[in-house]
Each structure stands twice: as C-alpha cells, then as structure tokens.
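Here is the structure we will look at.
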Amino acid sequence: MNRLADRLLALALVVVAIGCLTRVYPLVVTGAVGWQDFFALPSDAFSVRFTGLVLAAFACLAGALLFWSGLLPGRPAHPAGAPLFGRAAEVQETGRPGLRKVFLALPLIVLAVLAVDRFGPWAGGEVASRPSEPKAAEPKPAEPKLAEPKPVEPKGQDVASAPPASEPAPAPARPPVAANPPPAPAAPAPTPVAPSEVAVIPPPTVAPLPPPPPAAPTQPDGHRDAVVWLSVAPDGQSIMSASTDHVIKLWDIGGKHLIRNLGVHKDMARTALYMPDGASALTAGDDGEIVLRKLADGAVLHVFQSGQNGGVNKLAISPDGKRAVSGHDTGNVIVWDLVNNSVLHVLTGHDWSISAVAVSPDGKQALSGSIDGTLKLWDIESGKQLRSWHGHEQGTYGAVFTADGHHVITGSGDLTIKVWDLDSGREVKRFEGHEGTVYTLALSTDGKRLLSGSLDGTARLWDMETGNQIVMFDSQTGPIYAVAFAPDGTVLTGGYDRTIRDWPAAGGDGVVLFAGAPG
C-alpha cells in the first residue's frame with residue numbers, strides 16, 4: 001500500500017510539472033521571454049514568472065523521481081476512518097520526514113501558484129507580450145460604425161432650437177416623393193396604466209424551515225466530552241465510562257444516577273474495566289498510566305507506569321484477573337503481572353500504534369491490532385508471537401474473542417467486521433453495512449449476537465450465525481465510540497455527544513440514560 005501511494009504521488013507531481021510547462025510554453029512561443037532568461041537574473045515580472053514556473057516544474061519532476069524510486073520512505077497520512085481524538089490520530093513519519101513533507105506540500109504550493117498565474121493580473125485569454133521599449137503611437141484604421149437610430153423628435157418643439165449634434169453629417173439625397181403621399185400609419189399610443197393596476201410580482205415562496213431538533217438533555221455531573229468506553233459490572237448493577245474529558249465515572253443503572261467520579265487521568269481516559277473480584281477496577285489513559293482503584297471510594301491501590309512505551313490506547317484483563325494486556329501508541333504491547341505489580345513482557349513487532357487488544361477466554365493468548373490493519377496473536381505467559389497477518393486494509397479498532405477461544409472478531413476502518421479462525425489465520429465470515437470505521441465491538445454472553453459501534457453514528461446488532469444485520473440504532477448525533485450489552489438485554493452506547501444511551505434490542509428510539517454536562 002505504501003509503495004502504491006508513493007507511485008500515485010509521483011504521478012501527481014508529474015501532472016503538476018506538466019501544468020507548469022503548459023504555462024511556460026506560450027511565454028516562449030510569443031516571445032514574452034526566452035530560455036536565456038532562465039539563466040539570467042530575473043529583471044521583471046515576466047522573467048520572474050517564467051523562472052518560477054520552470055523551477056517549479058523541475059522540482060516537481062525531481063520529487064516524482066524520488067517517490068517513484070522509493071527514495072522517500074515514510075508512513076502515509078493517517079488512515080481514513082481513524083478516531084477523531086487522541087494520539088492515535090497523530091502519526092509520526094519515519095524515513096526522511098522533512099524531505100518527504102517538502103515534496104508532499106510541493107504540489108499544493110505549485111497548484112496555488114498556477115491558480116494565481118491563471119487568474120492573476122496578467123491572466124487573460126492570450127499571453128501578453130513582454131513590455132520592451134516604448135513604441136510610437138500608431139494610427140488606428142477607421143472602424144465602421146453601426147448606424148444608430150435617430151431619436152424621435154418631440155411634437156411642438158422647434159427643430160432649430162434642439163441641441164445641435166456634435167458633428168452633423170450631410171443627409172444623403174432622398175429619392176423624389178409624390179406630392180400627396182399616403183399618410184403613414186400612426187403608431188398606437190401606449191395605454192396609460194393606473195398605478196393601482198400595476199402588476200405586483202409576489203416574492204418567491206420558500207418551504208418553511210423544519211423545526212430545530214430538541215435540545216439534548218444535560219446534567220451537571222455528566223461527561224464534558226466524548227464517551228469512549230463503557231463497561232458493565234459483573235453483577236449488572238453499575239457501569240463505568242471513560243471519556244476524553246480525563247474522567248472515569250461510575251453509574252448506577254437501576255437508580256439512573258452518578259455514584260461517583262471514580263478517578264481522573266492526567267490525559268484523556270481510554271479504558272475502564274471491572275476486576276473479577278467485583279471490588280476494584282483497572283483504568284488507563286493517554287497519560288501512560290494504568291491505575292488500580294477501589295470501586296467503593298476510588299482510592300488508588302497501585303499505578304503501573306508504561307514509561308517510554310507511550311500512552312495506553314487499549315487494555316484487556318484475563319478472566320482470572322492475574323494478567324493485563326495493554327496496547328500503546330508506540331506500537332508495543334505490554335503484559336502486566338497484576339499479582340506482583342510488575343511487567344511480565346514487552347512485546348514488540350508492530351510498526352504502528354496499537355488500536356485493539358483482547359485476551360482469550362482461557363487467559364492464555366492475546367490479540368493485538370494496529371492502525372495499519374496488522375493483527376498479531378501472542379502467548380501471554382511466554383511472550384512468544386504465535387501468528388501475524390494483515391487482516392484489514394485500514395486500522396483495527398475493535399477486537400473480541402468468541403467463547404471457544406479459537407475465533408476472534410475484529411472491526412476496522414475499512415468498514416468491515418471479520419471473523420478469523422486463529423488455528424489457520426483465515427477469514428471465515430464477514431459483516432458489512434457500516435459506512436464509517438467500525439470502532440468498537442461487544443459480544444453477547446450467549447455468543448449469538450454481536451454489537452458494533454461506528455464513526456458513522458450508528459450501532460448495529462448482528463446475528464453471529466448468519467452474519468445478517470438484525471437492527472440498526474442511529475444516534476444522529478455523531479460517532480459512537482463505545483457499546484455494551486445491558487443486564488436486561490438492551491443496548492448501551494456512548495459517543496461524541498457525551499451521552500450514554502439505552503436502546504431496545506428489538507429496534508426503536510433510544511433514550512438518554514445519562515446525559516452529558518451542559519456545554
């Protein structure tokens with residue numbers, strides 16, 4: 001893909017170079033400038049224009065050769081469908097980033113110059129000749145004038161008293177006429193129109209504007225920015241939410257109120273997971289910290305520092321609560337020993353930021369996905385890489401294991417959801433329908449239904465057996481970043497609009513379960 005992108009950039013630079021030369025050619029043909037002006041110091045606007053266009057053409061051709069030959073390696077622009085927040089949206093280039101950026105910006109600059117050249121002061125249908133020594137005024141040939149209609153002379157006015165014409169021309173000789181010529185038919189006099197009879201053109205009518213949508217409800221203790229994670233407690237009594245406002249919140253589902261702010265990260269919060277003991281939670285964020293907290297009061301029990309590995313984009317916990325796996329914006333994956341509060345492994349191999357992690361039901365394997373679409377399967381205890389494959393054309397932004405542990409489901413910026421056989425690494429099923437990046441996934445406890453959330457603003461429920469879409473939930477308020485199944489089987493979503501909504505699993509309108517803070 002990177003090689004193809006470089007070839008396309010090379011072709012674009014060639015096209016821009018041709019555009020420059022097409023503007024230079026008329027200047028040379030018409031004599032406005034000559035090629036010798038390129039080797040001389042520009043002395044006027046035309047030679048400056050000529051020299052600039054030639055240099056731009058050569059620079060574009062040089063850039064095209066560099067891109068085509070692969071001498072400017074580096075990462076392409078961030079993939080389409082990437083999240084709208086966080087460091088995952090800011091990819092640093094490798095290779096020769098400075099020179100690459102110059103040649104990436106060059107066609108835009110040259111196109112802007114061509115636009116000014118085309119529509120600037122010298123723009124006109126023909127290329128103006130280069131000004132030289134002043135020439136003597138040349139007489140203009142007489143141009144024939146079109147005959148102008150003679151104005152009608154007002155009745156009762158003495159023709160001799162009318163203002164004389166500026167240069168009266170002698171009247172042409174007229175043929176003789178009869179002594180008593182027949183009277184010319186009189187032109188009908190215009191019928192005066194009374195002021196009241198003047199037609200009034202009514203103003204154009206427009207359809208009335210639709211009423212504005214009802215204002216979204218707010219609550220003072222709601223999130224102040226996008227909700228990017230939802231997690232349901234094992235007992236089904238509460239949910240946790242993480243937000244780009246840095247705050248982790250704990251909510252009472254039945255009472256529909258905020259229990260407490262569980263904690264605050266120094267940067268945006270990404271993940272909040274219940275520990276199997278039901279008494280603590282593990283939260284992570286872009287500040288690079290993974291924090292073990294008490295649910296009862298939010299007290300910090302331990303802080304795991306990722307250090308040079310960067311911010312924590314995703315986090316998963318083994319079912320027994322002994323291991324955690326985190327994915328970082330540097331491309332590293334870390335396996336944490338939650339019993340001894342230490343690092344078990346730092347897994348390297350991804351070239352791009354990690355955007356998805358998941359742990360198998362038996363706690364022995366972990367899956368990681370990055371924003372280049374690469375997937376890797378790891379042995380948690382040994383840290384050995386078991387399998388690596390290119391699963392998606394864009395980033396992987398959701399991952400969940402099936403109950404048998406032999407399959408994993410991934411969502412992506414290529415708008416697809418894929419089911420993989422981990423024993424063979426082959427795709428065995430695909431779900432399609434989203435019109436934006438599939439950013440988050442959740443599997444029902446019975447494994448029969450899959451819930452997906454997307455940057456297209458919808459959440460969708462899928463039948464795992466048939467791959468068919470069961471129902472679509474349209475937020476109409478922006479991207480959905482988090483989904484979960486509520487204890488009663490309904491669907492929970494969180495997203496750009498700062499709210500947490502509850503949707504009937506059979507379809508229909510959702511209700512705001514917990515609103516965002518006032519804007």
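Following the order of the structure tokens, first chain is A, next is B, and so on, with residues numbered from 1 inside each chain and ligands from 1 in the order they appear.
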Could you list, with a cut-off of 12 Å and counting only C-alpha atoms, the residues of region 231-267 of chain A near region 312-331 of chain A, each shown with its nearest atom pair and the distance in Å rounded to one decimal, rows sorted by chain and ascending number, as a Markdown table?
```
| residue | atom | partner | partner_atom | distance |
| --- | --- | --- | --- | --- |
| A:Ser231 | CA | A:Ala316 | CA | 11.6 |
| A:Pro234 | CA | A:Pro319 | CA | 11.6 |
| A:Ala242 | CA | A:Lys314 | CA | 11.7 |
| A:Thr244 | CA | A:Asn313 | CA | 11.9 |
| A:His265 | CA | A:Val312 | CA | 11.4 |
| A:Asp267 | CA | A:Val312 | CA | 10.4 |
```
Exercise. List the neighbours of region 460-472 of chain A out to 12 Å using only C-alpha atoms; skip same-chain residues closer than 6 positions along the sequence, and give me the result as a ChimeraX atom specification.
Key: /A:402,409,416-419,428-435,438-444,446-454,480,483-485,489-493,503-510
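Take CA of His302 (chain A) and CA of Val335 (chain A): the distance between them is 16.0 Å.
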Quiz item: Neighbours of Val14 (chain A) within 6 Å (only C-alpha atoms; same-chain residues fewer than 3 positions away dropped), as a ChimeraX atom specification?
Solution: /A:11,17,61
Quiz item: What gap, in Å, lies between CA of Thr410 (chain A) and CA of Ser382 (chain A)?
Solution: 24.1 Å
Exercise. Looking only at strand (DSSP E) from DSSP on the backbone, list the matching residues of region 274-385 of chain A as a count of residues only.
Key: 61
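Residues in contact with Trp389 (chain A) at up to 7 Å, not including ones fewer than 3 positions away on its chain and judged by only C-alpha atoms, are Thr374, Leu375 and Lys376 of chain A.
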